[in-house]
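Asker: The structure file model_21.txt (compact mmCIF, C-alpha atoms) is provided below.
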```txt
# COMPACT_ATOMS: atom_id res chain seq x y z
CA MET A 1 -12.91 13.31 -1.09
CA HIS A 2 -15.41 10.63 -0.08
CA SER A 3 -13.64 10.11 3.24
CA ASN A 4 -15.14 11.05 6.52
CA SER A 5 -14.75 9.39 9.89
CA LYS A 6 -18.18 7.75 9.59
CA ASN A 7 -17.15 5.49 6.74
CA LEU A 8 -13.61 4.87 7.96
CA LEU A 9 -12.79 1.17 7.57
CA VAL A 10 -10.95 0.23 10.76
CA VAL A 11 -9.41 -3.26 10.56
CA TYR A 12 -7.68 -3.27 13.96
CA GLU A 13 -7.37 -0.91 16.89
CA ASP A 14 -5.96 -0.98 20.42
CA ASN A 15 -4.37 1.59 22.75
CA HIS A 16 -1.16 1.72 20.72
CA ILE A 17 -1.96 1.30 17.03
CA ILE A 18 -4.79 1.62 14.54
CA VAL A 19 -4.90 -0.08 11.13
CA VAL A 20 -7.23 1.21 8.43
CA ASN A 21 -8.34 -0.24 5.09
CA LYS A 22 -7.68 2.67 2.72
CA ARG A 23 -9.78 3.21 -0.38
CA ALA A 24 -8.17 3.89 -3.74
CA GLY A 25 -7.92 7.66 -4.23
CA ASP A 26 -7.44 8.58 -0.56
CA ILE A 27 -4.16 10.24 0.36
CA VAL A 28 -2.42 9.07 3.53
CA GLN A 29 -0.78 12.40 4.40
CA GLY A 30 -1.48 15.96 3.34
CA ASP A 31 0.00 17.02 -0.01
CA LYS A 32 -0.19 19.95 -2.38
CA THR A 33 -3.71 18.97 -3.54
CA GLY A 34 -5.08 20.15 -0.20
CA ASP A 35 -7.44 17.14 -0.07
CA LEU A 36 -8.32 15.82 3.37
CA PRO A 37 -5.76 13.11 4.13
CA LEU A 38 -6.55 9.79 5.77
CA SER A 39 -4.35 10.72 8.75
CA GLU A 40 -6.72 13.63 9.52
CA VAL A 41 -9.81 11.44 9.05
CA VAL A 42 -8.38 8.96 11.58
CA LYS A 43 -7.62 11.80 14.02
CA ILE A 44 -11.23 13.04 13.76
CA TYR A 45 -12.47 9.48 14.36
CA LEU A 46 -10.26 9.06 17.46
CA LYS A 47 -11.21 12.48 18.83
CA LYS A 48 -14.93 11.65 18.55
CA LYS A 49 -14.66 8.06 19.75
CA TYR A 50 -12.73 8.91 22.92
CA ASN A 51 -14.08 12.45 23.47
CA LYS A 52 -10.52 13.74 23.46
CA PRO A 53 -9.93 17.39 24.29
CA GLY A 54 -7.13 19.07 22.36
CA ALA A 55 -4.97 17.55 19.66
CA VAL A 56 -4.87 13.82 18.99
CA PHE A 57 -1.47 12.17 18.46
CA LEU A 58 -1.30 10.04 15.34
CA GLY A 59 1.94 8.84 13.79
CA VAL A 60 2.05 7.73 10.16
CA ALA A 61 4.18 4.57 10.18
CA HIS A 62 4.07 3.91 6.44
CA ARG A 63 2.38 5.24 3.34
CA LEU A 64 0.49 3.83 0.39
CA ASP A 65 0.35 5.50 -3.02
CA ARG A 66 -2.84 7.46 -3.53
CA PRO A 67 -4.31 5.09 -6.18
CA THR A 68 -3.55 1.98 -4.07
CA SER A 69 -6.03 0.51 -1.59
CA GLY A 70 -5.50 -1.59 1.52
CA LEU A 71 -3.88 -1.61 4.95
CA VAL A 72 -2.28 1.49 6.43
CA LEU A 73 -0.71 1.32 9.87
CA PHE A 74 -0.84 4.30 12.25
CA ALA A 75 0.63 4.72 15.75
CA LYS A 76 -1.48 6.20 18.54
CA THR A 77 1.51 6.89 20.82
CA SER A 78 5.00 8.21 20.19
CA LYS A 79 6.47 5.07 21.77
CA ALA A 80 4.58 2.84 19.32
CA LEU A 81 5.63 5.09 16.41
CA GLN A 82 9.34 4.89 17.32
CA ARG A 83 9.16 1.11 17.52
CA LEU A 84 7.18 0.75 14.29
CA ASN A 85 9.66 2.99 12.47
CA ARG A 86 12.51 0.80 13.68
CA MET A 87 10.63 -2.36 12.64
CA LEU A 88 10.03 -0.92 9.18
CA GLN A 89 13.72 -0.02 8.84
CA GLU A 90 14.72 -3.51 9.94
CA ARG A 91 12.09 -4.97 7.60
CA THR A 92 10.40 -7.05 10.29
CA ILE A 93 6.93 -5.97 9.15
CA GLU A 94 5.88 -8.30 6.34
CA LYS A 95 3.63 -6.68 3.75
CA THR A 96 1.68 -8.75 1.23
CA TYR A 97 0.04 -7.09 -1.77
CA TRP A 98 -2.48 -8.32 -4.30
CA ALA A 99 -2.29 -6.93 -7.82
CA ILE A 100 -4.46 -7.52 -10.86
CA VAL A 101 -2.23 -7.21 -13.92
CA GLN A 102 -2.71 -7.21 -17.69
CA GLY A 103 -1.92 -10.56 -19.29
CA THR A 104 -0.28 -13.51 -17.54
CA PRO A 105 3.40 -13.70 -16.51
CA SER A 106 5.25 -16.64 -18.05
CA LYS A 107 6.36 -17.99 -14.67
CA ALA A 108 3.87 -19.06 -12.00
CA LYS A 109 6.17 -17.52 -9.37
CA ASP A 110 9.33 -15.47 -9.59
CA ARG A 111 11.74 -13.23 -7.73
CA LEU A 112 12.19 -9.94 -9.57
CA VAL A 113 15.34 -7.89 -9.12
CA HIS A 114 15.65 -4.44 -10.69
CA TRP A 115 17.43 -1.17 -10.08
CA LEU A 116 14.94 1.65 -9.68
CA LYS A 117 15.65 5.24 -10.47
CA ARG A 118 13.15 7.79 -9.24
CA ASN A 119 12.14 10.82 -11.26
CA PRO A 120 10.65 13.27 -8.71
CA LYS A 121 9.35 15.67 -11.40
CA GLN A 122 7.20 12.93 -12.92
CA ASN A 123 6.66 11.22 -9.54
CA LYS A 124 7.63 7.99 -11.24
CA SER A 125 10.26 5.28 -10.90
CA TYR A 126 12.04 3.58 -13.80
CA ALA A 127 13.25 -0.03 -13.52
CA PHE A 128 16.60 -1.11 -14.98
CA ALA A 129 18.14 -4.57 -15.29
CA LYS A 130 21.54 -3.32 -14.12
CA GLU A 131 22.69 -0.75 -11.59
CA ILE A 132 22.89 2.81 -12.91
CA ALA A 133 23.76 6.11 -11.19
CA GLN A 134 21.35 7.05 -8.37
CA SER A 135 19.43 3.79 -8.67
CA LYS A 136 18.35 1.60 -5.75
CA LYS A 137 18.06 -2.17 -5.73
CA ALA A 138 14.45 -3.41 -5.66
CA ILE A 139 13.40 -6.99 -4.98
CA LEU A 140 9.94 -8.54 -4.91
CA HIS A 141 8.48 -12.04 -5.08
CA TYR A 142 5.23 -12.75 -6.91
CA THR A 143 2.99 -15.82 -7.15
CA ILE A 144 0.06 -16.23 -9.53
CA ILE A 145 -3.09 -16.82 -7.46
CA LYS A 146 -5.75 -16.79 -10.14
CA LYS A 147 -6.07 -16.30 -13.90
CA LEU A 148 -9.01 -14.23 -15.11
CA GLU A 149 -10.02 -13.69 -18.72
CA LYS A 150 -7.70 -10.80 -19.60
CA TYR A 151 -6.01 -10.33 -16.26
CA THR A 152 -4.08 -12.24 -13.63
CA LEU A 153 -4.20 -11.92 -9.86
CA LEU A 154 -0.74 -11.89 -8.28
CA GLU A 155 0.29 -12.09 -4.65
CA ILE A 156 3.37 -9.97 -4.02
CA LEU A 157 5.85 -9.97 -1.17
CA LEU A 158 8.29 -7.09 -0.94
CA GLU A 159 11.91 -7.59 0.05
CA THR A 160 12.65 -3.88 -0.32
CA GLY A 161 10.40 -0.83 -0.07
CA ARG A 162 11.11 1.51 -2.95
CA HIS A 163 9.07 4.34 -4.47
CA HIS A 164 6.39 2.82 -6.77
CA GLN A 165 8.34 -0.45 -6.61
CA ILE A 166 5.55 -2.91 -7.45
CA ARG A 167 4.17 -0.67 -10.19
CA SER A 168 7.48 -0.14 -11.97
CA GLN A 169 8.78 -3.71 -11.55
CA LEU A 170 5.57 -5.21 -12.97
CA GLN A 171 5.71 -2.76 -15.87
CA ALA A 172 9.32 -3.87 -16.48
CA ILE A 173 8.20 -7.48 -17.03
CA GLY A 174 5.35 -6.36 -19.31
CA HIS A 175 2.44 -6.86 -16.90
CA VAL A 176 1.08 -3.45 -15.95
CA ILE A 177 -1.37 -3.18 -13.05
CA LYS A 178 -4.95 -2.66 -14.22
CA GLY A 179 -5.82 1.07 -14.30
CA ASP A 180 -2.21 2.23 -13.83
CA LEU A 181 -2.00 4.82 -16.62
CA LYS A 182 1.26 6.23 -15.23
CA TYR A 183 2.95 2.88 -15.85
CA GLY A 184 1.38 2.11 -19.21
CA ALA A 185 -2.14 0.78 -18.61
CA LYS A 186 -4.41 1.25 -21.62
CA ARG A 187 -7.27 2.81 -19.67
CA SER A 188 -7.96 4.20 -16.23
CA ASN A 189 -10.29 2.76 -13.60
CA LYS A 190 -13.55 4.56 -12.86
CA ASP A 191 -12.47 5.59 -9.35
CA GLY A 192 -9.04 6.78 -10.54
CA GLY A 193 -7.45 4.01 -8.50
CA ILE A 194 -5.35 1.06 -9.63
CA HIS A 195 -5.82 -2.66 -8.92
CA LEU A 196 -3.12 -2.81 -6.27
CA HIS A 197 -4.27 -3.71 -2.76
CA ALA A 198 -2.17 -3.90 0.42
CA ARG A 199 -3.78 -7.18 1.46
CA LYS A 200 -1.93 -8.34 4.60
CA LEU A 201 0.34 -7.06 7.35
CA SER A 202 2.18 -9.50 9.57
CA PHE A 203 4.29 -8.23 12.48
CA ILE A 204 4.97 -8.46 16.20
CA HIS A 205 2.96 -5.85 18.10
CA PRO A 206 5.36 -2.99 18.99
CA VAL A 207 4.21 -2.83 22.64
CA LYS A 208 2.37 -6.08 23.50
CA LYS A 209 4.96 -8.20 21.63
CA GLU A 210 2.25 -10.53 20.31
CA PRO A 211 2.16 -11.65 16.64
CA LEU A 212 -0.48 -9.93 14.53
CA LEU A 213 -1.73 -10.93 11.10
CA LEU A 214 -4.17 -8.44 9.59
CA THR A 215 -6.06 -8.81 6.32
CA ALA A 216 -7.83 -6.05 4.40
CA PRO A 217 -11.18 -6.95 2.79
CA LEU A 218 -11.09 -6.44 -0.98
CA PRO A 219 -12.51 -3.23 -2.47
CA GLN A 220 -16.20 -3.15 -3.44
CA GLU A 221 -15.41 -3.24 -7.13
CA THR A 222 -16.56 -5.74 -9.76
CA LEU A 223 -13.22 -7.28 -10.71
CA TRP A 224 -12.02 -7.56 -7.10
CA GLN A 225 -15.35 -9.08 -6.10
CA GLN A 226 -15.10 -11.71 -8.88
CA ILE A 227 -12.04 -13.08 -7.12
```
Is it possible to express this structure as structure tokens?
Answerer:
Amino acid sequence: MHSNSKNLLVVYEDNHIIVVNKRAGDIVQGDKTGDLPLSEVVKIYLKKKYNKPGAVFLGVAHRLDRPTSGLVLFAKTSKALQRLNRMLQERTIEKTYWAIVQGTPSKAKDRLVHWLKRNPKQNKSYAFAKEIAQSKKAILHYTIIKKLEKYTLLEILLETGRHHQIRSQLQAIGHVIKGDLKYGAKRSNKDGGIHLHARKLSFIHPVKKEPLLLTAPLPQETLWQQI
């Protein structure tokens, strides 16, 4: 992995939380690949920065799919983690994504409602128009921000947080995210990532109780930079 604590992109940090701009291809938590996860990279960074003896506490508040880039929120204390977990359950943390999709949706903005069924073997979710057994309701809102030659930039707000929700819902309306082979893209991206970026996080600080709005700079990639 190209991650080490030297090139960690920290967007925000205080005594309670740290928010990092993840690169496409980095994993947030350890998995069966054995690759160094972002959570460990952040721990190494904190240990060095504060000369901490012993283990560093770091709580993973939420995850991003490996091929997705953008904001990941970590807790530096167990109190902050408990509160962030509750906020995520109560959906008081607003997450805004940017996606570059194939083609252009017919509506400039829309609210998409599907029922998603997860297939753990394939690590994939399938979107259905009606409820089926073991499916979960998924709702997102999209707005077209910019039309490019072959692609369209969408801003996406999630009402629910389902497995691969944005990827499968956009596939369901015929506008696959650029580079997302798993959901039907024609070709992969060079870095193995997809053009889905967790652009903004808006929430009330779990300890200080002040409003925070954080924005992740766009990846250093040609199409993103054209925007």
Asker: Kindly indicate which residue among A:Trp98, A:Tyr50, A:Tyr45, A:Phe74 lies nearest to Leu153 of chain A, using all atoms listed in the file for the distances.
Answerer: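 Answer, going by the shortest atom-to-atom distance: A:Trp98.
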Asker: What is the atom CA of Val72 of chain A to atom CA of Val60 of chain A distance in Å?
Answerer: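 Atom CA of Val60 of chain A lies 8.5 Å from atom CA of Val72 of chain A.
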Asker: Kindly indicate which residue among A:Thr92, A:Ser106, A:Ser78, A:Asn21 lies nearest to Asn7 of chain A, using all atoms listed in the file for the distances.
Answerer: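 Checking each of A:Thr92, A:Ser106, A:Ser78, A:Asn21 against Asn7 of chain A, counting all atoms listed in the file, the winner is A:Asn21.
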Asker: Enter the distance from atom CA of Ala61 of chain A to atom CA of Leu88 of chain A, in Å, rounded to one decimal.
Answerer: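 It comes out at 8.1 Å.
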Asker: Could you tell me how far atom CA of Ile204 of chain A sits from atom CA of Val41 of chain A, in Å to one decimal place?
Answerer: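 Straight-line distance from atom CA of Val41 of chain A to atom CA of Ile204 of chain A works out to 25.8 Å.
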Asker: Find the residues near Pro219 of chain A: any atom within 12 Å, counting all atoms listed in the file, skip ones fewer than 4 places away on the same chain, and give them as a PyMOL selection string.
Answerer: chain A and resi 9+21-25+68-71+98+191+193-199+223-227
Asker: Write out as a PyMOL selection string the residues lying within 10 Å of Lys95 of chain A, counting only C-alpha atoms and excluding same-chain residues fewer than 6 positions away.
Answerer: chain A and resi 71+156-159+161+198-203+214
Asker: I'd like to know which of A:Asn85, A:Lys107, A:Ser39, A:Gln102 is closest to Arg187 of chain A, using all atoms listed in the file.
Answerer: A:Gln102
Asker: For Gly192 of chain A, which residue out of A:Gly34, A:Asp26, A:Lys147, A:Leu73 is the nearest one, using only C-alpha atoms?
Answerer: A:Asp26
Asker: Please provide the set of residues having any atom within 12 Å of Lys117 of chain A, restricted to only C-alpha atoms, with same-chain residues fewer than 3 positions apart removed, written as a VMD selection string.
Answerer: chain A and resid 114 120 122 to 138 162 to 165 168 to 169
Asker: Using only C-alpha atoms, which protein or nucleic acid residues come within 7 Å of Tyr142 of chain A? Drop anything in the same chain fewer than 5 positions from it, and give the result as a list in words.
Answerer: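 These residues fall inside the cut-off: Lys109, Asp110, Arg111, Leu154, Glu155, Ile156 and Leu157 of chain A.
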Asker: May I have the selected residues written with C-alpha atoms, as a compact mmCIF listing (two decimals), in the frame of the given file?
Answerer:
```txt
# COMPACT_ATOMS: atom_id res chain seq x y z
CA LYS A 109 6.17 -17.52 -9.37
CA ASP A 110 9.33 -15.47 -9.59
CA ARG A 111 11.74 -13.23 -7.73
CA LEU A 154 -0.74 -11.89 -8.28
CA GLU A 155 0.29 -12.09 -4.65
CA ILE A 156 3.37 -9.97 -4.02
CA LEU A 157 5.85 -9.97 -1.17
```
Asker: At a cut-off of 9 Å, using all atoms listed in the file, what residues contact Ile177 of chain A? Leave out same-chain residues fewer than 3 positions from it and give the result as a PyMOL selection string.
Answerer: chain A and resi 99-102+166-167+170-171+180-181+183-185+194-196
Asker: Compare A:Thr215, A:Arg66, A:Trp115, A:Leu46 by their minimum atom-to-atom distance to Gly30 of chain A, counting all atoms listed in the file, and give me the closest one.
Answerer: A:Arg66
Asker: Return the single residue from A:Thr143, A:Thr222, A:Asn15, A:Asn51 that is closest to Leu112 of chain A, with distances computed using only C-alpha atoms.
Answerer: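 Going through A:Thr143, A:Thr222, A:Asn15, A:Asn51 one by one, the smallest distance to Leu112 of chain A is for A:Thr143.
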